[in-house]
Amino acid sequence: MVWEVFKKPTKWPIMRSRILKEIDELIFGSLGIIIFIAFFIGGVVTIQTALNLNSPFLPKSLIGFATRQSVILEFAPTFTSIIMAGKVGSYITSSIGTMRVTEQIDALEVMGVNSLNYLVFPKIIAMFMYPFAVAIAMYVGILGGWVAAVFGGYAPSGEFIKGLQLDFESFHVTYAFIKTLVFAFVIATVPSYHGFYMRGGALEVGKASTTSFVWTSVIIIILNYILTQLMLG
Amino acid sequence: MIEVENVHKSFGDTHVLKGISTTFEDGKTNLVIGQSGSGKTVFLKCLLGLFEPEEGQICYNGQFYSELSNSERRDLRQEMGMVFQGSALFDSMTVEGNVMFPLDMFTKQSKAEMQDRVDFVLERVNLIDAHKKFPSEISGGMKKRVAIARAIVMNPKYLFCDEPNSGLDPKTAILIDNLIQEITKEYNITTIINTHDMNSVMEIGEKIIFLKDGFKEWEGTNKEIFKTDNEAVTNFVYSSELFKKVRQMYIEERN
């Protein structure tokens, strides 16, 4: 399927408008939920870390340190990608699946349009913007942690910020963005595959959406393990 | 003109088309009839190039489809218009956007030229005030007319229609039939319609082929179909009481 996506490209002016539309729907349309989840996950990570650091010998700055590491390494890239597999992935499967069921894909093929390129390529390109959404999730997650730490009385602001700066390795951010790009490709292609090659009616569109979410999540989790082992192991 | 020679098509162990041969002439409305499961849709998809026959040839104005390169096949597809059973309009586009889509995709016309062409074809199918409406905002009959407009906007040589009357009331169905026939004559198109609507058979069936279990059982015109003694055809055509009475009257009149 992936090879077909890149063959016989659609006219650039049409493709450009489709890419912009997909960026709007897939990325900008998901920012609200990404920010909401990142903020509260950051807060919860901070509270749980603070509650587990009972010893008076451990500095409060460790709360900021643990929040930063958790949010940048795992929560922003992986947790957000699982959420996106549900939100964006099911949208992709159901929209392409509905086009299959209502013969709109056949209509494209009859006209001589490479339907895989027309439908899937703009989604893949749009998802290359996904690391920007994850960068926002990192920032908001840490902000959520700071709010929880300071206003919840778990750590003073200065200590939390000191922890954020402690032993910072820029490669961790690079690692997170490389993971994010791989996940973005998975989120764009796996649901597209399930939508494009589905058979049946409206009920099967729902089933295909569920199946695509399960497979996208499984693939993300397995790739997360492999990439972590390769890049940090 | 489309010439079909001994076309066979199977899916796994199921042999759907079993050696169909026929000719569809320019400027004529050709009907493919038969019961559900007789192979009509598979036959139409073979003609459209969506399915490749295992055996046999399909020839479009002297060009054998199997001998064409991929780019020649794409060029040929642009000479085809298709009206799908469920209209298959793009939900995210307006009526105007749907009709303009093939022009936008395959021509280098300016926006104004495309707009003129869209206005012309929409007027031709009697849709004047629906340009900015979405498919979800229009009736089934209007959707069919938009689908016809989209199919003819590129001036196709071949027009294919899969059950164009399904889900329509009898009056709208006749309007759609007449519209397809008028367009066929006006632009000298080779039109092939899959149907099991007997009104269509009587109204516009200049050439009819009857499929049964993947075979071509009978071939003729709408005048000949009432005189045929082929049992499978008469069982299909006169399955309703109304048509049985019509046939009885015809036989009595003839005697």
# chains A, B, ... in the order shown; residues from 1 in each chain; ligands from 1
>>> select_by_dssp(residues="range 47-247 of chain B", states="helix (DSSP H, G or I)", output="VMD selection string")
chain B and resid 47 to 48 65 to 67 70 to 77 95 to 106 111 to 124 135 to 137 140 to 152 170 to 187 198 to 204 224 to 226 231 to 237 241 to 247
>>> interface_residues(of="chain A", to="chain B", cutoff="6 Å", atoms="only C-alpha atoms", output="NGL selection string")
:A and (102-104 or 111-112)
>>> atom_distance(atom1="CA of Gly153 in chain A", atom2="CA of Leu51 in chain A")
11.3 Å
>>> closest_residue(among="B:Cys59, B:Val16, B:Met198, B:Val99", to="Leu242 in chain B", atoms="only C-alpha atoms")
B:Met198
>>> atom_distance(atom1="CA of Ala148 in chain A", atom2="CA of Ile47 in chain A")
6.7 Å
>>> residues_around(residues="range 36-42 of chain A", least_positions_apart="4", cutoff="7 Å", atoms="only C-alpha atoms", output="ChimeraX atom specification")
/A:32,46,67,71,76,137,140-145
>>> write_last_selection(atoms="N, CA and C atoms", output="mmCIF file, in the first residue's frame")
data_model
loop_
_atom_site.group_PDB
_atom_site.id
_atom_site.type_symbol
_atom_site.label_atom_id
_atom_site.label_comp_id
_atom_site.auth_asym_id
_atom_site.auth_seq_id
_atom_site.Cartn_x
_atom_site.Cartn_y
_atom_site.Cartn_z
ATOM 1 N N GLY A 32 -6.461 20.785 21.245
ATOM 2 C CA GLY A 32 -7.251 20.977 22.479
ATOM 3 C C GLY A 32 -7.120 19.787 23.409
ATOM 4 N N THR A 46 3.583 14.684 38.835
ATOM 5 C CA THR A 46 4.216 15.469 39.898
ATOM 6 C C THR A 46 3.692 15.050 41.273
ATOM 7 N N THR A 67 9.487 14.746 36.933
ATOM 8 C CA THR A 67 8.400 15.196 36.048
ATOM 9 C C THR A 67 8.946 15.433 34.640
ATOM 10 N N VAL A 71 7.741 13.244 31.479
ATOM 11 C CA VAL A 71 6.954 13.915 30.436
ATOM 12 C C VAL A 71 7.694 13.883 29.100
ATOM 13 N N ALA A 76 4.693 12.633 26.875
ATOM 14 C CA ALA A 76 4.376 13.467 25.704
ATOM 15 C C ALA A 76 4.414 12.660 24.400
ATOM 16 N N ALA A 137 2.841 19.498 23.930
ATOM 17 C CA ALA A 137 2.462 18.593 25.024
ATOM 18 C C ALA A 137 3.560 18.530 26.089
ATOM 19 N N VAL A 140 3.379 21.910 28.017
ATOM 20 C CA VAL A 140 2.170 22.010 28.853
ATOM 21 C C VAL A 140 2.222 20.974 29.982
ATOM 22 N N GLY A 141 2.760 19.792 29.707
ATOM 23 C CA GLY A 141 2.872 18.753 30.734
ATOM 24 C C GLY A 141 3.739 19.221 31.896
ATOM 25 N N ILE A 142 4.867 19.841 31.558
ATOM 26 C CA ILE A 142 5.768 20.342 32.606
ATOM 27 C C ILE A 142 5.111 21.506 33.349
ATOM 28 N N LEU A 143 4.379 22.336 32.591
ATOM 29 C CA LEU A 143 3.646 23.445 33.223
ATOM 30 C C LEU A 143 2.611 22.898 34.214
ATOM 31 N N GLY A 144 1.910 21.831 33.783
ATOM 32 C CA GLY A 144 0.922 21.196 34.667
ATOM 33 C C GLY A 144 1.595 20.669 35.928
ATOM 34 N N GLY A 145 2.784 20.104 35.763
ATOM 35 C CA GLY A 145 3.545 19.606 36.917
ATOM 36 C C GLY A 145 3.922 20.747 37.853
#
>>> residues_around(residues="Asn178 in chain B", least_positions_apart="5", cutoff="10 Å", atoms="only C-alpha atoms", output="list in words")
Thr172, Ala173, Ile183, Thr184, Ser200, Glu203 and Ile204 of chain B
>>> write_last_selection(atoms="C-alpha atoms", output="compact mmCIF listing (two decimals), in the first residue's frame")
# COMPACT_ATOMS: atom_id res chain seq x y z
CA THR B 172 -38.17 10.57 -11.16
CA ALA B 173 -36.88 7.24 -12.48
CA ILE B 183 -27.42 12.81 -23.39
CA THR B 184 -26.47 9.58 -25.18
CA SER B 200 -36.21 1.38 -18.14
CA GLU B 203 -38.46 3.25 -22.19
CA ILE B 204 -34.83 3.32 -23.31
>>> residues_around(residues="His8 in chain B", least_positions_apart="5", cutoff="8 Å", atoms="only C-alpha atoms", output="ChimeraX atom specification")
/B:15-20,53-56
>>> residues_around(residues="Ala85 in chain A", least_positions_apart="5", cutoff="12 Å", atoms="only C-alpha atoms", output="count of residues only")
33
>>> closest_residue(among="B:Asn188, B:Lys132, B:Arg150, B:Leu44", to="Phe120 in chain B", atoms="only C-alpha atoms")
B:Arg150
>>> closest_residue(among="B:Gly62, B:Gly214, B:Pro135, B:Gly205", to="Asn98 in chain B", atoms="only C-alpha atoms")
B:Pro135
>>> residues_around(residues="Thr23 in chain B", least_positions_apart="6", cutoff="7 Å", atoms="only C-alpha atoms", output="PDB file with N, CA and C atoms, in the first residue's frame")
ATOM      1  N   ILE B   2     -17.858  -0.466 -28.098  1.00  0.00           N
ATOM      2  CA  ILE B   2     -17.140  -1.409 -27.230  1.00  0.00           C
ATOM      3  C   ILE B   2     -17.459  -2.828 -27.702  1.00  0.00           C
ATOM      4  N   GLU B   3     -16.399  -3.588 -27.976  1.00  0.00           N
ATOM      5  CA  GLU B   3     -16.602  -4.990 -28.377  1.00  0.00           C
ATOM      6  C   GLU B   3     -16.076  -5.907 -27.279  1.00  0.00           C
ATOM      7  N   VAL B   4     -16.926  -6.809 -26.860  1.00  0.00           N
ATOM      8  CA  VAL B   4     -16.561  -7.741 -25.783  1.00  0.00           C
ATOM      9  C   VAL B   4     -16.477  -9.142 -26.386  1.00  0.00           C
TER      10      VAL B   4
END
>>> atom_distance(atom1="CA of Val7 in chain B", atom2="CA of Asp197 in chain B")
24.8 Å
>>> decode(residues="range 17-37 of chain A", atoms="N, CA and C atoms", output="CSV table (one decimal), in the first residue's frame")
chain,number,residue,atom,x,y,z
A,17,SER,N,-3.8,22.0,-1.2
A,17,SER,CA,-5.0,22.3,-0.4
A,17,SER,C,-5.4,21.2,0.4
A,18,ARG,N,-5.2,19.9,-0.1
A,18,ARG,CA,-5.6,18.8,0.7
A,18,ARG,C,-4.7,18.6,2.0
A,19,ILE,N,-3.4,18.9,1.7
A,19,ILE,CA,-2.4,18.8,2.9
A,19,ILE,C,-2.8,19.8,3.9
A,20,LEU,N,-3.1,21.0,3.5
A,20,LEU,CA,-3.4,22.1,4.5
A,20,LEU,C,-4.7,21.7,5.3
A,21,LYS,N,-5.6,21.1,4.5
A,21,LYS,CA,-6.9,20.7,5.2
A,21,LYS,C,-6.7,19.6,6.2
A,22,GLU,N,-5.8,18.7,5.8
A,22,GLU,CA,-5.5,17.6,6.8
A,22,GLU,C,-4.7,18.1,8.0
A,23,ILE,N,-3.8,19.1,7.8
A,23,ILE,CA,-3.1,19.6,8.9
A,23,ILE,C,-4.1,20.3,9.9
A,24,ASP,N,-5.0,21.0,9.3
A,24,ASP,CA,-6.1,21.6,10.1
A,24,ASP,C,-6.9,20.6,10.9
A,25,GLU,N,-7.3,19.5,10.2
A,25,GLU,CA,-8.2,18.5,10.8
A,25,GLU,C,-7.4,17.6,11.8
A,26,LEU,N,-6.2,17.1,11.3
A,26,LEU,CA,-5.5,16.1,12.2
A,26,LEU,C,-4.7,16.7,13.3
A,27,ILE,N,-4.0,17.8,13.0
A,27,ILE,CA,-3.1,18.4,14.0
A,27,ILE,C,-3.8,19.5,14.8
A,28,PHE,N,-4.3,20.6,14.2
A,28,PHE,CA,-4.9,21.7,14.9
A,28,PHE,C,-6.2,21.2,15.6
A,29,GLY,N,-6.9,20.3,15.0
A,29,GLY,CA,-8.1,19.8,15.6
A,29,GLY,C,-7.9,18.9,16.8
A,30,SER,N,-6.6,18.5,17.0
A,30,SER,CA,-6.3,17.6,18.1
A,30,SER,C,-5.6,18.4,19.3
A,31,LEU,N,-5.2,19.7,19.0
A,31,LEU,CA,-4.4,20.4,20.0
A,31,LEU,C,-5.2,20.5,21.3
A,32,GLY,N,-6.5,20.8,21.2
A,32,GLY,CA,-7.3,21.0,22.5
A,32,GLY,C,-7.1,19.8,23.4
A,33,ILE,N,-7.4,18.6,22.9
A,33,ILE,CA,-7.3,17.4,23.7
A,33,ILE,C,-5.9,17.1,24.2
A,34,ILE,N,-4.9,17.4,23.3
A,34,ILE,CA,-3.5,17.1,23.6
A,34,ILE,C,-3.1,18.0,24.8
A,35,ILE,N,-3.5,19.3,24.7
A,35,ILE,CA,-3.1,20.2,25.8
A,35,ILE,C,-3.8,19.9,27.1
A,36,PHE,N,-5.1,19.5,27.0
A,36,PHE,CA,-5.9,19.2,28.2
A,36,PHE,C,-5.3,18.0,28.9
A,37,ILE,N,-5.0,16.9,28.1
A,37,ILE,CA,-4.4,15.7,28.7
A,37,ILE,C,-3.0,15.9,29.2
